[in-house]
Amino acid sequence: FRIKKVPVFYAPYLIVPMEQKKRNSGFLPPRIGTSTSKGRVFGGGYFQTLGESFDATFYGDYFTERGLAYGGVFRARPNPQTRLYLEAYGIDDRLGQGGAHLVVNGESSFHNGFRAVASVNATTNFEFRQAFAESFRSAVIPEERSILFLTQNEKSYSSNFAFQRDEVFFPSRSVVIRKSPSIEFLSLGQTLGNFPLYFQFRMAAEG
């Protein structure tokens with residue numbers, strides 16, 4: 001990089017071939033760092049392709065003050081209407097803040113009009129999340145929500161089946177609220193012939 005023909009910064013250049021590239025399995029670059037609460041951090045991983053629409057990543061982190069943590073990520077995109085992301089991470093912590101975290105995000109649309117969605121965020125304990133969360137927001141918000149539902153919408157009618165779990169962490173104990181399962185049929189409204197009236201209803205069974 002030059003200013004008025006005077007070189008002020010130099011960087012090596014790369015030549016990128018233009019042919020089509022395929023994904024390859026292999027080891028990921030190692031990670032090295034330092035943490036004030038975990039000590040020295042040494043990490044690495046392995047990426048495995050599972051065909052054109054699936055892959056998995058396995059990784060581990062060694063903290064000199066905490067111990068060995070391990071996790072994995074599985075991704076799937078078998079068709080344009082379906083996607084799945086699953087991640088799990090855990091550690092048996094030497095300082096008593098060990099635990100595990102599970103994240104699942106996925107959705108799929110079926111030919112008969114049904115759509116299935118999963119959004120799961122679950123941690124075994126709040127101390128683990130405070131010690132090993134990757135962001136300040138994740139570390140301080142004491143609430144987790146998981147929901148799985150199946151829905152079909154046609155015109156003004158909707159059919160829904162859901163399971164929901166909410167957990168709020170407190171220092172002494174956690175409060176868990178479960179809705180399992182929830183079955184709902186409803187109509188957002190439709191006209192009654194030529195009359196200026198609308199008919200709508202909602203029926204539900206919830207626990």
# chains A, B, ... in the order shown; residues from 1 in each chain; ligands from 1

$ closest_atom_pairs --of "region 95-153 of chain A" --to "region 54-66 of chain A" --cutoff "10 Å" --atoms "only C-alpha atoms" --output "Markdown table"
| residue | atom | partner | partner_atom | distance |
| --- | --- | --- | --- | --- |
| A:Leu95 | CA | A:Arg66 | CA | 6.6 |
| A:Gly96 | CA | A:Arg66 | CA | 9.1 |
| A:Gln97 | CA | A:Arg66 | CA | 8.9 |
| A:Gly98 | CA | A:Arg66 | CA | 8.9 |

$ select_by_dssp --residues "region 38-186 of chain A" --states "alpha helix (DSSP H)" --output "list in words"
Phe126, Glu127, Phe128, Arg129, Gln130, Ala131, Phe132, Phe136, Arg137, Ser138, Ala139 and Val140 of chain A

$ write_last_selection --atoms "N, CA and C atoms" --output "PDB file, in the first residue's frame"
ATOM      1  N   PHE A 126     -26.485 -22.686  36.307  1.00  0.00           N
ATOM      2  CA  PHE A 126     -26.170 -21.299  35.977  1.00  0.00           C
ATOM      3  C   PHE A 126     -24.694 -20.984  36.231  1.00  0.00           C
ATOM      4  N   GLU A 127     -24.064 -21.651  37.208  1.00  0.00           N
ATOM      5  CA  GLU A 127     -22.649 -21.398  37.481  1.00  0.00           C
ATOM      6  C   GLU A 127     -21.778 -21.741  36.284  1.00  0.00           C
ATOM      7  N   PHE A 128     -22.117 -22.836  35.606  1.00  0.00           N
ATOM      8  CA  PHE A 128     -21.363 -23.212  34.406  1.00  0.00           C
ATOM      9  C   PHE A 128     -21.517 -22.150  33.315  1.00  0.00           C
ATOM     10  N   ARG A 129     -22.731 -21.653  33.131  1.00  0.00           N
ATOM     11  CA  ARG A 129     -22.947 -20.649  32.094  1.00  0.00           C
ATOM     12  C   ARG A 129     -22.230 -19.344  32.417  1.00  0.00           C
ATOM     13  N   GLN A 130     -22.204 -18.948  33.691  1.00  0.00           N
ATOM     14  CA  GLN A 130     -21.505 -17.733  34.069  1.00  0.00           C
ATOM     15  C   GLN A 130     -19.999 -17.848  33.839  1.00  0.00           C
ATOM     16  N   ALA A 131     -19.436 -19.027  34.053  1.00  0.00           N
ATOM     17  CA  ALA A 131     -17.990 -19.211  33.944  1.00  0.00           C
ATOM     18  C   ALA A 131     -17.533 -19.412  32.505  1.00  0.00           C
ATOM     19  N   PHE A 132     -18.365 -20.057  31.661  1.00  0.00           N
ATOM     20  CA  PHE A 132     -17.889 -20.462  30.338  1.00  0.00           C
ATOM     21  C   PHE A 132     -18.694 -19.872  29.185  1.00  0.00           C
ATOM     22  N   PHE A 136     -21.027 -11.673  27.323  1.00  0.00           N
ATOM     23  CA  PHE A 136     -21.518 -11.147  28.597  1.00  0.00           C
ATOM     24  C   PHE A 136     -23.017 -11.314  28.722  1.00  0.00           C
ATOM     25  N   ARG A 137     -23.724 -11.151  27.605  1.00  0.00           N
ATOM     26  CA  ARG A 137     -25.188 -11.281  27.634  1.00  0.00           C
ATOM     27  C   ARG A 137     -25.599 -12.703  28.028  1.00  0.00           C
ATOM     28  N   SER A 138     -24.932 -13.702  27.463  1.00  0.00           N
ATOM     29  CA  SER A 138     -25.267 -15.090  27.799  1.00  0.00           C
ATOM     30  C   SER A 138     -24.945 -15.412  29.249  1.00  0.00           C
ATOM     31  N   ALA A 139     -23.935 -14.749  29.805  1.00  0.00           N
ATOM     32  CA  ALA A 139     -23.507 -15.057  31.161  1.00  0.00           C
ATOM     33  C   ALA A 139     -24.431 -14.464  32.218  1.00  0.00           C
ATOM     34  N   VAL A 140     -25.105 -13.354  31.922  1.00  0.00           N
ATOM     35  CA  VAL A 140     -25.843 -12.659  32.973  1.00  0.00           C
ATOM     36  C   VAL A 140     -27.354 -12.862  32.889  1.00  0.00           C
TER      37      VAL A 140
END

$ closest_residue --among "A:Lys38, A:Arg145, A:Arg83, A:Leu50" --to "Gly67 (chain A)" --atoms "only C-alpha atoms"
A:Lys38

$ closest_residue --among "A:Ser180, A:Phe1, A:Gly72, A:Asn194" --to "Tyr13 (chain A)" --atoms "only C-alpha atoms"
A:Phe1

$ select_by_dssp --residues "region 98-206 of chain A" --states "strand (DSSP E or B)" --output "JSON, numbers by chain"
{"A": [99, 100, 101, 102, 103, 104, 105, 106, 107, 108, 109, 114, 115, 116, 117, 118, 119, 120, 121, 122, 123, 143, 144, 145, 146, 147, 148, 149, 150, 151, 152, 153, 154, 157, 158, 159, 160, 161, 162, 163, 164, 165, 166, 167, 168, 169, 174, 175, 176, 177, 178, 179, 180, 181, 182, 183, 184, 185, 186, 187, 188, 189, 190, 191, 192, 195, 196, 197, 198, 199, 200, 201, 202, 203, 204, 205, 206]}

$ closest_residue --among "A:Arg178, A:Ser156, A:Asp92, A:Thr123" --to "Gln200 (chain A)" --atoms "only C-alpha atoms"
A:Ser156

$ atom_distance --atom1 "CA of Gln152 (chain A)" --atom2 "CA of Ala116 (chain A)"
9.0 Å

$ residues_around --residues "Phe163 (chain A)" --least-positions-apart "4" --cutoff "12 Å" --atoms "only C-alpha atoms" --output "list in words"
Ala116, Val117, Ala118, Ser119, Val120, Arg145, Ser146, Ile147, Leu148, Phe149, Leu150, Thr151, Ile177, Arg178, Lys179, Ser180, Pro181, Ser182, Ile183, Glu184, Glu206 and Gly207 of chain A

$ atom_distance --atom1 "CA of Gly71 (chain A)" --atom2 "CA of Glu87 (chain A)"
7.3 Å

$ atom_distance --atom1 "CA of Arg31 (chain A)" --atom2 "CA of Gly44 (chain A)"
6.1 Å

$ closest_residue --among "A:Phe47, A:Phe27, A:Phe9, A:Phe74" --to "Leu86 (chain A)" --atoms "only C-alpha atoms"
A:Phe74

$ residues_around --residues "Ser25 (chain A)" --least-positions-apart "3" --cutoff "8 Å" --atoms "only C-alpha atoms" --output "list in words"
Tyr46, Phe47, Gln48 and Thr49 of chain A

$ closest_residue --among "A:Phe161, A:Ser174, A:Asn112, A:Phe201" --to "Pro142 (chain A)" --atoms "only C-alpha atoms"
A:Ser174

$ residues_around --residues "Phe185 (chain A)" --least-positions-apart "5" --cutoff "6 Å" --atoms "only C-alpha atoms" --output "PyMOL selection string"
chain A and resi 158-159+202-203

$ closest_residue --among "A:Thr82, A:His111, A:His101, A:Glu52" --to "Ala69 (chain A)" --atoms "only C-alpha atoms"
A:His101
